[in-house]
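K.L.:
input.cif is the file, holding mmCIF, C-alpha atoms:
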```
data_work
#
loop_
_atom_site.group_PDB
_atom_site.id
_atom_site.type_symbol
_atom_site.label_atom_id
_atom_site.label_comp_id
_atom_site.auth_asym_id
_atom_site.auth_seq_id
_atom_site.Cartn_x
_atom_site.Cartn_y
_atom_site.Cartn_z
ATOM 1 C CA MET A 2 107.265 119.014 87.000
ATOM 2 C CA ILE A 3 110.121 116.619 87.722
ATOM 3 C CA GLU A 4 110.780 113.917 85.142
ATOM 4 C CA LEU A 5 113.082 110.946 85.543
ATOM 5 C CA CYS A 6 113.595 109.516 82.073
ATOM 6 C CA GLY A 7 115.214 106.074 81.721
ATOM 7 C CA LEU A 8 117.708 106.634 84.549
ATOM 8 C CA ASN A 9 120.444 104.057 85.035
ATOM 9 C CA LYS A 10 123.315 104.031 87.510
ATOM 10 C CA SER A 11 125.840 101.345 88.466
ATOM 11 C CA PHE A 12 128.630 101.243 91.035
ATOM 12 C CA ASP A 13 131.513 98.827 90.459
ATOM 13 C CA GLY A 14 129.385 96.792 88.083
ATOM 14 C CA ILE A 15 126.429 96.596 90.485
ATOM 15 C CA LYS A 16 123.177 98.067 89.153
ATOM 16 C CA ALA A 17 121.812 100.538 91.712
ATOM 17 C CA VAL A 18 119.173 102.193 89.518
ATOM 18 C CA ASP A 19 117.604 100.279 86.662
ATOM 19 C CA ASN A 20 115.825 102.213 83.896
ATOM 20 C CA ILE A 21 113.649 104.380 86.144
ATOM 21 C CA SER A 22 111.049 106.629 84.514
ATOM 22 C CA VAL A 23 108.698 108.640 86.744
ATOM 23 C CA GLU A 24 106.804 111.930 86.485
ATOM 24 C CA ILE A 25 106.243 114.026 89.617
ATOM 25 C CA LYS A 26 103.513 116.646 89.266
ATOM 26 C CA GLU A 27 103.581 120.030 90.971
ATOM 27 C CA GLY A 28 101.619 120.679 94.157
ATOM 28 C CA ASN A 29 101.469 116.992 95.090
ATOM 29 C CA VAL A 30 103.293 114.995 97.743
ATOM 30 C CA PHE A 31 105.196 112.174 96.052
ATOM 31 C CA GLY A 32 106.291 109.251 98.225
ATOM 32 C CA LEU A 33 109.109 106.967 97.101
ATOM 33 C CA ILE A 34 108.931 103.733 99.075
ATOM 34 C CA GLY A 35 111.549 101.006 99.221
ATOM 35 C CA THR A 36 113.541 98.806 101.554
ATOM 36 C CA ASN A 37 117.106 99.637 102.519
ATOM 37 C CA GLY A 38 119.230 98.965 99.447
ATOM 38 C CA ALA A 39 116.335 99.405 97.006
ATOM 39 C CA GLY A 40 118.015 102.458 95.449
ATOM 40 C CA LYS A 41 116.059 105.328 97.049
ATOM 41 C CA SER A 42 119.073 107.435 98.014
ATOM 42 C CA THR A 43 120.721 106.916 94.629
ATOM 43 C CA VAL A 44 117.525 107.999 92.865
ATOM 44 C CA MET A 45 117.410 111.098 95.080
ATOM 45 C CA ARG A 46 121.014 111.967 94.246
ATOM 46 C CA LEU A 47 120.368 111.511 90.526
ATOM 47 C CA MET A 48 117.201 113.612 90.795
ATOM 48 C CA THR A 49 119.128 116.449 92.443
ATOM 49 C CA GLY A 50 122.214 116.273 90.238
ATOM 50 C CA VAL A 51 124.549 115.102 93.004
ATOM 51 C CA LEU A 52 125.289 112.069 90.832
ATOM 52 C CA LYS A 53 125.529 111.857 87.052
ATOM 53 C CA PRO A 54 123.445 109.062 85.520
ATOM 54 C CA ASP A 55 125.166 106.462 83.357
ATOM 55 C CA SER A 56 122.259 106.986 80.966
ATOM 56 C CA GLY A 57 118.901 108.746 80.999
ATOM 57 C CA ARG A 58 117.988 112.201 82.290
ATOM 58 C CA ALA A 59 116.694 113.919 85.416
ATOM 59 C CA VAL A 60 114.700 116.982 84.361
ATOM 60 C CA ILE A 61 113.168 119.766 86.470
ATOM 61 C CA ASP A 62 110.756 122.149 84.735
ATOM 62 C CA GLY A 63 112.208 121.202 81.367
ATOM 63 C CA GLU A 64 115.874 121.589 82.353
ATOM 64 C CA ASN A 65 118.440 118.847 82.896
ATOM 65 C CA VAL A 66 119.543 118.940 86.537
ATOM 66 C CA TYR A 67 123.124 117.724 86.384
ATOM 67 C CA ASN A 68 125.615 120.636 86.343
ATOM 68 C CA ASN A 69 122.741 123.123 86.025
ATOM 69 C CA VAL A 70 122.635 125.885 88.658
ATOM 70 C CA SER A 71 119.317 127.224 87.369
ATOM 71 C CA ALA A 72 117.552 123.868 87.790
ATOM 72 C CA LYS A 73 119.125 123.284 91.202
ATOM 73 C CA SER A 74 117.863 126.631 92.495
ATOM 74 C CA ARG A 75 114.320 125.251 92.286
ATOM 75 C CA PHE A 76 114.757 122.621 95.008
ATOM 76 C CA PHE A 77 116.136 122.068 98.485
ATOM 77 C CA PHE A 78 117.627 118.607 99.022
ATOM 78 C CA ILE A 79 117.651 116.994 102.459
ATOM 79 C CA ALA A 80 119.908 113.956 102.354
ATOM 80 C CA ASP A 81 119.608 111.113 104.841
ATOM 81 C CA ASP A 82 123.037 112.076 106.208
ATOM 82 C CA GLN A 83 122.396 115.831 106.415
ATOM 83 C CA TYR A 84 125.458 118.067 106.785
ATOM 84 C CA PHE A 85 126.026 121.077 109.044
ATOM 85 C CA PHE A 86 129.201 123.127 109.470
ATOM 86 C CA SER A 87 131.190 121.698 112.369
ATOM 87 C CA THR A 88 130.892 124.644 114.783
ATOM 88 C CA ALA A 89 127.708 126.191 113.391
ATOM 89 C CA ASN A 90 124.503 127.061 115.186
ATOM 90 C CA ALA A 91 121.040 127.453 113.653
ATOM 91 C CA ARG A 92 121.640 131.172 113.062
ATOM 92 C CA ASP A 93 124.824 130.424 111.089
ATOM 93 C CA MET A 94 122.984 127.915 108.882
ATOM 94 C CA GLU A 95 120.201 130.445 108.245
ATOM 95 C CA LYS A 96 122.761 132.980 107.032
ATOM 96 C CA TYR A 97 124.352 130.358 104.780
ATOM 97 C CA TYR A 98 121.110 129.203 103.177
ATOM 98 C CA SER A 99 119.833 132.771 102.898
ATOM 99 C CA SER A 100 122.851 133.478 100.697
ATOM 100 C CA LEU A 101 121.956 130.518 98.453
ATOM 101 C CA TYR A 102 118.198 131.025 98.290
ATOM 102 C CA PRO A 103 117.126 134.684 97.780
ATOM 103 C CA ASP A 104 113.543 133.971 98.870
ATOM 104 C CA PHE A 105 114.559 132.391 102.183
ATOM 105 C CA ASP A 106 111.939 133.403 104.784
ATOM 106 C CA LYS A 107 114.007 134.466 107.801
ATOM 107 C CA GLY A 108 111.002 135.588 109.842
ATOM 108 C CA ALA A 109 109.233 132.255 109.474
ATOM 109 C CA PHE A 110 112.450 130.364 110.229
ATOM 110 C CA TYR A 111 113.000 132.015 113.605
ATOM 111 C CA GLU A 112 109.321 131.665 114.471
ATOM 112 C CA TYR A 113 109.573 127.939 113.750
ATOM 113 C CA LEU A 114 112.696 127.650 115.922
ATOM 114 C CA VAL A 115 110.729 129.033 118.878
ATOM 115 C CA ARG A 116 107.740 126.810 118.096
ATOM 116 C CA PHE A 117 109.937 123.700 117.952
ATOM 117 C CA GLY A 118 112.005 124.678 120.979
ATOM 118 C CA LEU A 119 115.302 124.934 119.086
ATOM 119 C CA ASP A 120 117.891 127.391 120.402
ATOM 120 C CA ALA A 121 119.217 129.551 117.533
ATOM 121 C CA GLY A 122 122.527 130.104 119.330
ATOM 122 C CA ARG A 123 123.227 126.524 120.451
ATOM 123 C CA LYS A 124 125.907 124.551 118.562
ATOM 124 C CA ILE A 125 124.234 122.058 116.245
ATOM 125 C CA ASN A 126 126.781 119.354 117.091
ATOM 126 C CA THR A 127 125.173 119.210 120.552
ATOM 127 C CA PHE A 128 121.699 118.573 119.054
ATOM 128 C CA SER A 129 120.095 115.131 119.136
ATOM 129 C CA LYS A 130 119.395 113.288 115.874
ATOM 130 C CA GLY A 131 115.759 114.357 116.005
ATOM 131 C CA MET A 132 116.637 118.007 116.636
ATOM 132 C CA LYS A 133 119.032 118.018 113.677
ATOM 133 C CA ARG A 134 116.321 116.523 111.494
ATOM 134 C CA GLN A 135 113.861 119.202 112.639
ATOM 135 C CA LEU A 136 116.379 121.941 111.892
ATOM 136 C CA ILE A 137 117.207 120.804 108.353
ATOM 137 C CA LEU A 138 113.495 120.410 107.566
ATOM 138 C CA LEU A 139 112.800 123.943 108.779
ATOM 139 C CA LEU A 140 115.697 125.269 106.712
ATOM 140 C CA GLY A 141 114.315 123.447 103.680
ATOM 141 C CA ILE A 142 110.767 124.693 104.176
ATOM 142 C CA CYS A 143 111.883 128.294 104.729
ATOM 143 C CA SER A 144 114.120 128.264 101.639
ATOM 144 C CA ASN A 145 110.856 128.772 99.701
ATOM 145 C CA THR A 146 111.920 126.581 96.806
ATOM 146 C CA LYS A 147 109.380 125.001 94.497
ATOM 147 C CA TYR A 148 110.454 121.458 95.376
ATOM 148 C CA LEU A 149 111.559 119.955 98.694
ATOM 149 C CA ILE A 150 113.349 116.645 98.153
ATOM 150 C CA CYS A 151 113.755 114.603 101.329
ATOM 151 C CA ASP A 152 115.505 111.297 101.969
ATOM 152 C CA GLU A 153 113.995 109.554 105.036
ATOM 153 C CA THR A 154 112.242 112.776 106.118
ATOM 154 C CA PHE A 155 110.727 111.571 109.371
ATOM 155 C CA ASP A 156 113.562 109.351 110.566
ATOM 156 C CA GLY A 157 114.458 110.328 114.144
ATOM 157 C CA LEU A 158 111.298 112.376 114.750
ATOM 158 C CA ASP A 159 108.812 111.464 117.454
ATOM 159 C CA PRO A 160 105.107 111.122 116.470
ATOM 160 C CA VAL A 161 104.219 114.660 117.602
ATOM 161 C CA MET A 162 107.027 116.203 115.565
ATOM 162 C CA ARG A 163 106.102 114.106 112.533
ATOM 163 C CA GLN A 164 102.569 115.449 112.609
ATOM 164 C CA SER A 165 103.853 119.003 113.081
ATOM 165 C CA ILE A 166 106.072 118.725 110.002
ATOM 166 C CA LYS A 167 103.253 117.155 107.992
ATOM 167 C CA SER A 168 100.934 120.025 108.935
ATOM 168 C CA ILE A 169 103.559 122.541 107.797
ATOM 169 C CA PHE A 170 103.904 120.663 104.503
ATOM 170 C CA ALA A 171 100.120 120.811 104.028
ATOM 171 C CA SER A 172 100.080 124.538 104.763
ATOM 172 C CA GLU A 173 102.932 125.281 102.348
ATOM 173 C CA ILE A 174 101.314 123.183 99.607
ATOM 174 C CA GLU A 175 98.115 125.183 99.945
ATOM 175 C CA LYS A 176 99.903 128.526 100.221
ATOM 176 C CA ARG A 177 102.520 128.258 97.476
ATOM 177 C CA GLN A 178 102.110 124.893 95.715
ATOM 178 C CA LEU A 179 105.174 123.370 97.389
ATOM 179 C CA THR A 180 105.965 119.922 95.992
ATOM 180 C CA PRO A 181 107.564 117.593 98.582
ATOM 181 C CA ILE A 182 109.227 114.409 97.325
ATOM 182 C CA ILE A 183 109.743 112.033 100.236
ATOM 183 C CA ALA A 184 111.739 108.800 100.248
ATOM 184 C CA SER A 185 111.025 106.356 103.049
ATOM 185 C CA HIS A 186 111.283 102.663 103.895
ATOM 186 C CA ASN A 187 108.040 102.905 105.859
ATOM 187 C CA LEU A 188 104.666 102.954 104.109
ATOM 188 C CA ARG A 189 102.793 103.861 107.273
ATOM 189 C CA GLU A 190 104.717 107.126 107.662
ATOM 190 C CA LEU A 191 103.457 108.401 104.319
ATOM 191 C CA GLU A 192 99.890 107.151 104.192
ATOM 192 C CA ASP A 193 98.252 110.322 105.511
ATOM 193 C CA ILE A 194 100.283 112.805 103.460
ATOM 194 C CA CYS A 195 101.061 111.413 99.986
ATOM 195 C CA ASP A 196 99.059 112.015 96.815
ATOM 196 C CA HIS A 197 101.160 109.712 94.639
ATOM 197 C CA VAL A 198 103.334 106.788 95.677
ATOM 198 C CA GLY A 199 106.060 104.889 93.859
ATOM 199 C CA LEU A 200 107.399 101.536 95.042
ATOM 200 C CA LEU A 201 111.092 100.961 94.383
ATOM 201 C CA HIS A 202 112.540 97.448 94.345
ATOM 202 C CA LYS A 203 116.027 96.363 93.266
ATOM 203 C CA GLY A 204 116.673 99.706 91.594
ATOM 204 C CA GLY A 205 113.497 99.766 89.507
ATOM 205 C CA VAL A 206 110.026 101.222 89.971
ATOM 206 C CA LEU A 207 107.704 98.317 90.628
ATOM 207 C CA LEU A 208 104.588 100.445 90.949
ATOM 208 C CA SER A 209 103.787 104.169 90.584
ATOM 209 C CA LYS A 210 100.191 105.282 91.058
ATOM 210 C CA ASP A 211 97.993 108.079 92.305
ATOM 211 C CA LEU A 212 96.904 107.180 95.822
ATOM 212 C CA GLU A 213 93.351 108.454 95.449
ATOM 213 C CA ASP A 214 92.920 106.472 92.224
ATOM 214 C CA MET A 215 94.131 103.348 93.986
ATOM 215 C CA LYS A 216 91.778 103.903 96.898
ATOM 216 C CA CYS A 217 88.806 104.400 94.558
ATOM 217 C CA SER A 218 89.556 101.392 92.376
ATOM 218 C CA ILE A 219 90.288 98.778 95.069
ATOM 219 C CA GLN A 220 87.841 97.918 97.837
ATOM 220 C CA LYS A 221 87.504 95.410 100.646
ATOM 221 C CA ILE A 222 84.225 93.553 101.151
ATOM 222 C CA GLN A 223 83.246 91.523 104.198
ATOM 223 C CA CYS A 224 80.111 89.429 103.956
ATOM 224 C CA VAL A 225 78.240 86.349 105.116
ATOM 225 C CA PHE A 226 76.138 84.782 102.387
ATOM 226 C CA SER A 227 72.774 83.120 102.887
ATOM 227 C CA SER A 228 73.985 80.131 100.824
ATOM 228 C CA ASP A 229 76.851 78.860 98.687
ATOM 229 C CA ARG A 230 74.738 79.582 95.623
ATOM 230 C CA GLU A 231 74.582 83.269 96.539
ATOM 231 C CA ARG A 232 78.353 83.301 97.147
ATOM 232 C CA GLU A 233 78.989 81.805 93.706
ATOM 233 C CA LYS A 234 76.706 84.392 92.083
ATOM 234 C CA ALA A 235 78.618 87.226 93.778
ATOM 235 C CA GLU A 236 82.047 85.863 92.877
ATOM 236 C CA LYS A 237 81.076 85.732 89.182
ATOM 237 C CA LEU A 238 80.163 89.434 89.255
ATOM 238 C CA LEU A 239 83.296 90.726 91.006
ATOM 239 C CA ASN A 240 86.876 91.260 89.858
ATOM 240 C CA ILE A 241 88.453 89.508 92.842
ATOM 241 C CA ILE A 242 92.168 89.919 93.510
ATOM 242 C CA GLY A 243 92.184 88.541 97.066
ATOM 243 C CA HIS A 244 89.944 86.250 99.103
ATOM 244 C CA ASP A 245 90.094 85.103 102.713
ATOM 245 C CA THR A 246 87.602 82.963 104.616
ATOM 246 C CA ARG A 247 87.140 82.657 108.372
ATOM 247 C CA GLY A 248 84.221 80.416 109.137
ATOM 248 C CA SER A 249 81.236 81.819 107.278
ATOM 249 C CA LEU A 250 82.792 85.299 106.948
ATOM 250 C CA HIS A 251 84.238 86.004 103.506
ATOM 251 C CA THR A 252 86.661 88.882 102.974
ATOM 252 C CA TYR A 253 87.296 89.927 99.382
ATOM 253 C CA THR A 254 89.713 92.457 97.942
ATOM 254 C CA VAL A 255 88.233 93.519 94.624
ATOM 255 C CA ARG A 256 89.218 95.823 91.795
ATOM 256 C CA GLU A 257 85.908 97.631 91.708
ATOM 257 C CA THR A 258 84.424 101.011 92.544
ATOM 258 C CA ARG A 259 82.160 101.306 95.560
ATOM 259 C CA GLU A 260 79.207 101.954 93.248
ATOM 260 C CA SER A 261 79.810 98.838 91.150
ATOM 261 C CA ILE A 262 79.969 96.685 94.301
ATOM 262 C CA VAL A 263 76.661 98.030 95.608
ATOM 263 C CA LYS A 264 75.087 97.370 92.212
ATOM 264 C CA ALA A 265 76.469 93.798 92.078
ATOM 265 C CA PHE A 266 75.134 92.956 95.541
ATOM 266 C CA THR A 267 71.651 94.307 94.810
ATOM 267 C CA GLY A 268 70.548 90.829 93.709
ATOM 268 C CA ILE A 269 72.663 88.846 96.233
ATOM 269 C CA GLU A 270 71.161 87.529 99.457
ATOM 270 C CA THR A 271 73.499 88.132 102.407
ATOM 271 C CA ILE A 272 73.209 87.862 106.166
ATOM 272 C CA PHE A 273 75.962 90.452 106.631
ATOM 273 C CA PHE A 274 77.575 92.808 104.108
ATOM 274 C CA GLU A 275 79.872 95.842 104.358
ATOM 275 C CA ILE A 276 82.420 97.717 102.238
ATOM 276 C CA LEU A 277 85.557 98.785 104.096
ATOM 277 C CA PRO A 278 88.303 101.292 103.182
ATOM 278 C CA LEU A 279 91.774 99.888 102.597
ATOM 279 C CA SER A 280 94.939 101.258 104.146
ATOM 280 C CA LEU A 281 97.869 102.190 101.912
ATOM 281 C CA GLU A 282 99.595 99.049 103.169
ATOM 282 C CA GLU A 283 96.673 96.833 102.100
ATOM 283 C CA ILE A 284 96.425 98.527 98.701
ATOM 284 C CA PHE A 285 100.107 97.990 97.994
ATOM 285 C CA ILE A 286 99.984 94.388 99.146
ATOM 286 C CA SER A 287 97.097 93.770 96.753
ATOM 287 C CA GLU A 288 98.639 95.594 93.808
ATOM 288 C CA THR A 289 102.053 93.980 94.105
ATOM 289 C CA GLU A 290 100.735 90.467 94.728
ATOM 290 C CA VAL A 291 98.817 90.770 91.453
ATOM 291 C CA ALA A 292 102.124 91.734 89.809
ATOM 292 C CA GLY A 293 103.742 88.645 91.296
ATOM 293 C CA TYR A 294 105.619 90.213 94.213
ATOM 294 C CA ASP A 295 105.237 89.789 97.959
ATOM 295 C CA ILE A 296 105.360 93.341 99.326
ATOM 296 C CA LYS A 297 105.144 92.015 102.891
ATOM 297 C CA LYS A 298 108.685 90.724 102.405
ATOM 298 C CA LEU A 299 109.831 93.755 100.403
ATOM 299 C CA ILE A 300 108.610 96.470 102.765
ATOM 300 C CA PHE A 301 107.649 94.937 106.088
ATOM 301 C CA GLY A 302 110.421 92.339 106.423
#
```
Hey, can you dump this file as structure tokens for me?
P.N.:
Amino acid sequence: MIELCGLNKSFDGIKAVDNISVEIKEGNVFGLIGTNGAGKSTVMRLMTGVLKPDSGRAVIDGENVYNNVSAKSRFFFIADDQYFFSTANARDMEKYYSSLYPDFDKGAFYEYLVRFGLDAGRKINTFSKGMKRQLILLLGICSNTKYLICDETFDGLDPVMRQSIKSIFASEIEKRQLTPIIASHNLRELEDICDHVGLLHKGGVLLSKDLEDMKCSIQKIQCVFSSDREREKAEKLLNIIGHDTRGSLHTYTVRETRESIVKAFTGIETIFFEILPLSLEEIFISETEVAGYDIKKLIFG
């Protein structure tokens, strides 16, 4: 497990990370969401021991990360500005990372290169941004570390490549309990892969919740009531956190389970009624609006 305990970090008097405390469980995909400047990259660098916190601790499997070779051997860190040796090719980088990570899977790495159409002998400085991103992800996956920590993982990848990487993540999670930690400014990129999501804003964690729990506890209802009296009866029974009306169609976002909604509407007369699943985007909008924030401005611009 990775634990961030009261982390703080400032640069030239400007607070970049503000008292962050988060637990990341093994075998889950943790998504760290935030706009540019929210502090994602700084959190990643504190988590991996690249930076020393002003206060607080970053702990991996019970060990402090900073200046700790043992703790650092448990993860592979992919920074947003990934680095390759200036004249290296993919084969050179495999040899380098194989020397750092004893369990590096060379066979799988070269199989992936063929699958992704990457030439092992071609100079990396001639690769496109997307090809470089593919290469560093494959190096990270094949390092066989317990944790794979990625800053803007899918940036520069086309939709097909994104799905390919996500499928590899899923396979590695099932096979060896890999724990990917992914920072992104885009909620939509992470919706189909994350188990737990944290929202970062102005250096602090605004929200950190299990995605499945959020999906089970917040629902969307669309309905047309037979009368205003029936509408009023329903509204008294529901924990409503959002309500929109278009003509006679009422759309509610409610903090309820699906079962409790069905039970509440048993005695309500409606002309039309359905319960709809919410997207990750809709869930976060609802959760953060309740907390007094407008996520549409924070995340979607």
K.L.:
Applying 10 Å and all atoms listed in the file, which residues near Ala91 of chain A remain after dropping the ones on its own chain fewer than 5 positions away? List them as a JSON list (two decimals) with C-alpha atoms, in the frame of the given file.
P.N.:
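Once everything was written out, this is selection-v6.json:
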```
[["chain", "number", "residue", "atom", "x", "y", "z"],
["A", 85, "PHE", "CA", 126.03, 121.08, 109.04],
["A", 96, "LYS", "CA", 122.76, 132.98, 107.03],
["A", 97, "TYR", "CA", 124.35, 130.36, 104.78],
["A", 110, "PHE", "CA", 112.45, 130.36, 110.23],
["A", 111, "TYR", "CA", 113.00, 132.01, 113.60],
["A", 114, "LEU", "CA", 112.70, 127.65, 115.92],
["A", 119, "LEU", "CA", 115.30, 124.93, 119.09],
["A", 120, "ASP", "CA", 117.89, 127.39, 120.40],
["A", 121, "ALA", "CA", 119.22, 129.55, 117.53],
["A", 122, "GLY", "CA", 122.53, 130.10, 119.33],
["A", 123, "ARG", "CA", 123.23, 126.52, 120.45],
["A", 124, "LYS", "CA", 125.91, 124.55, 118.56],
["A", 125, "ILE", "CA", 124.23, 122.06, 116.24],
["A", 133, "LYS", "CA", 119.03, 118.02, 113.68],
["A", 136, "LEU", "CA", 116.38, 121.94, 111.89],
["A", 137, "ILE", "CA", 117.21, 120.80, 108.35],
["A", 140, "LEU", "CA", 115.70, 125.27, 106.71]]
```
K.L.:
Write out as a compact mmCIF listing (two decimals) with C-alpha atoms, in the frame of the given file the residues lying within 7 Å of Gly205 of chain A, counting only C-alpha atoms and excluding same-chain residues fewer than 4 positions away.
P.N.:
```txt
# COMPACT_ATOMS: atom_id res chain seq x y z
CA VAL A 18 119.17 102.19 89.52
CA ASP A 19 117.60 100.28 86.66
CA ASN A 20 115.82 102.21 83.90
CA ILE A 21 113.65 104.38 86.14
CA LEU A 201 111.09 100.96 94.38
```
K.L.:
Would you work out the distance separating atom CA of Thr271 of chain A from atom CA of Arg230 of chain A, expressed in Å to one decimal?
P.N.:
11.0 Å
K.L.:
Quick one: residues within 7 Å of Glu257 of chain A, all atoms listed in the file, excluding same-chain residues fewer than 4 positions away - as a list in words?
P.N.:
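Once the nearby chain positions are removed, what remains is Ser218, Ile219, Gln220, Asn240, Ser261 and Ile262 of chain A.
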K.L.:
Can you spit out the residues from that selection as a short mmCIF file (atom, residue, chain, number, x, y, z; two decimals), in the coordinates of the input, using C-alpha atoms?
P.N.:
```
data_model
loop_
_atom_site.label_atom_id
_atom_site.label_comp_id
_atom_site.auth_asym_id
_atom_site.auth_seq_id
_atom_site.Cartn_x
_atom_site.Cartn_y
_atom_site.Cartn_z
CA SER A 218 89.56 101.39 92.38
CA ILE A 219 90.29 98.78 95.07
CA GLN A 220 87.84 97.92 97.84
CA ASN A 240 86.88 91.26 89.86
CA SER A 261 79.81 98.84 91.15
CA ILE A 262 79.97 96.68 94.30
#
```
K.L.:
Smallest atom-to-atom distance to Gln135 of chain A: which of A:Arg163, A:Lys147, A:Arg256, A:Arg75, using only C-alpha atoms?
P.N.:
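Of A:Arg163, A:Lys147, A:Arg256, A:Arg75, the one nearest Gln135 of chain A is A:Arg163, counting only C-alpha atoms.
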K.L.:
When you look at Val51 of chain A with a cut-off of 12 Å (counting all atoms listed in the file), what residues show up, excluding the ones that are within fewer than 4 positions of it in the same chain? I need them as a ChimeraX atom specification.
P.N.:
/A:42-47,59,66-70,73,78-80
K.L.:
If you take every atom of segment 225-230 of chain A that the file lists and fit an axis-aligned box around them with 5 Å extra on each side, what centre and edge lengths come out in Å to one decimal, as AutoDock Vina command-line options?
P.N.:
```
--center_x 75.5 --center_y 82.6 --center_z 100.4 --size_x 15.5 --size_y 17.5 --size_z 19.5
```
K.L.:
Which residues of segment 33-120 of chain A come within 9 Å of segment 183-189 of chain A, and what is each one's closest atom pair and distance in Å (one decimal), counting all atoms listed in the file, sorted by chain and residue number, as a tab-separated table?
P.N.:
```
residue	atom	partner	partner_atom	distance
A:Leu33	CA	A:Ala184	CA	4.5
A:Ile34	CA	A:Ser185	CA	5.2
A:Gly35	CA	A:His186	CA	5.0
A:Thr36	CA	A:His186	CA	5.0
A:Asn37	CA	A:His186	CA	6.7
A:Lys41	CA	A:Ala184	CA	6.4
A:Ser42	CA	A:Ala184	CA	7.8
A:Met45	CA	A:Ala184	CA	8.0
```
K.L.:
Emit the selected residues as a PDB file, in the coordinates of the input, including C-alpha atoms.
P.N.:
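The resulting file, result.pdb, is shown below:
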```pdb
ATOM      1  CA  LEU A  33     109.109 106.967  97.101  1.00  0.00           C
ATOM      2  CA  ILE A  34     108.931 103.733  99.075  1.00  0.00           C
ATOM      3  CA  GLY A  35     111.549 101.006  99.221  1.00  0.00           C
ATOM      4  CA  THR A  36     113.541  98.806 101.554  1.00  0.00           C
ATOM      5  CA  ASN A  37     117.106  99.637 102.519  1.00  0.00           C
ATOM      6  CA  LYS A  41     116.059 105.328  97.049  1.00  0.00           C
ATOM      7  CA  SER A  42     119.073 107.435  98.014  1.00  0.00           C
ATOM      8  CA  MET A  45     117.410 111.098  95.080  1.00  0.00           C
TER       9      MET A  45
END
```
K.L.:
Of the candidates A:Gln223, A:Gln178, A:Ser99, A:Thr127, which shows the shortest atom-to-atom distance to Tyr148 of chain A, using all atoms listed in the file?
P.N.:
A:Gln178
K.L.:
Restricting the calculation to all atoms listed in the file, which member of A:Val161, A:Ile174, A:Met132, A:Leu138 is positioned closest to Glu27 of chain A?
P.N.:
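Using all atoms listed in the file, Glu27 of chain A sits closest to A:Ile174.
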K.L.:
Suppose you want the space between atom CA of Gly268 of chain A and atom CA of Leu238 of chain A; what is it in Å?
P.N.:
10.7 Å
K.L.:
Could you list the residues chosen by the PyMOL selection byres ((chain A and resi 276) around 6) in this structure as a PyMOL selection string?
P.N.:
chain A and resi 221-222+275+277
K.L.:
Taking (98.2, 102.5, 96.8) in the file's coordinates, which residues come within 9 Å, counting all atoms listed in the file, written as an NGL selection string?
P.N.:
:A and (192 or 197-199 or 208-216 or 219 or 280-288)
K.L.:
So how far away is atom CA of Gly108 of chain A from atom CA of Ser71 of chain A, in Å?
P.N.:
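So the answer is 25.4 Å.
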K.L.:
So what does the PyMOL selection byres ((chain A and resi 245-251) around 8) actually pick up in this one, as an MDAnalysis selection string?
P.N.:
chainID A and resid 222:226 243:244 252:253
K.L.:
For the file shown, report as a PyMOL selection string the outcome of the PyMOL selection byres ((chain A and resi 179) around 9) at residue level.
P.N.:
chain A and resi 27-30+142+145-149+170-171+173-178+180-181
K.L.:
With C-alpha atoms kept, could you save the residues just selected as an mmCIF file, in the frame of the given file?
P.N.:
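Below you can see result23.cif, which holds the result:
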```
data_model
loop_
_atom_site.group_PDB
_atom_site.id
_atom_site.type_symbol
_atom_site.label_atom_id
_atom_site.label_comp_id
_atom_site.auth_asym_id
_atom_site.auth_seq_id
_atom_site.Cartn_x
_atom_site.Cartn_y
_atom_site.Cartn_z
ATOM 1 C CA GLU A 27 103.581 120.030 90.971
ATOM 2 C CA GLY A 28 101.619 120.679 94.157
ATOM 3 C CA ASN A 29 101.469 116.992 95.090
ATOM 4 C CA VAL A 30 103.293 114.995 97.743
ATOM 5 C CA ILE A 142 110.767 124.693 104.176
ATOM 6 C CA ASN A 145 110.856 128.772 99.701
ATOM 7 C CA THR A 146 111.920 126.581 96.806
ATOM 8 C CA LYS A 147 109.380 125.001 94.497
ATOM 9 C CA TYR A 148 110.454 121.458 95.376
ATOM 10 C CA LEU A 149 111.559 119.955 98.694
ATOM 11 C CA PHE A 170 103.904 120.663 104.503
ATOM 12 C CA ALA A 171 100.120 120.811 104.028
ATOM 13 C CA GLU A 173 102.932 125.281 102.348
ATOM 14 C CA ILE A 174 101.314 123.183 99.607
ATOM 15 C CA GLU A 175 98.115 125.183 99.945
ATOM 16 C CA LYS A 176 99.903 128.526 100.221
ATOM 17 C CA ARG A 177 102.520 128.258 97.476
ATOM 18 C CA GLN A 178 102.110 124.893 95.715
ATOM 19 C CA THR A 180 105.965 119.922 95.992
ATOM 20 C CA PRO A 181 107.564 117.593 98.582
#
```
K.L.:
My list of candidates is A:Cys217, A:Gly40, A:Asp156, A:Lys167. Which is closest to Cys195 of chain A when distances are computed with all atoms listed in the file?
P.N.:
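Of the candidates, the smallest distance to Cys195 of chain A is held by A:Lys167.
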K.L.:
Which is closest to Ile169 of chain A among A:Cys151, A:Ile182, A:Leu191, A:Leu139, if we use only C-alpha atoms?
P.N.:
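Of all the options, A:Leu139 lies closest to Ile169 of chain A.
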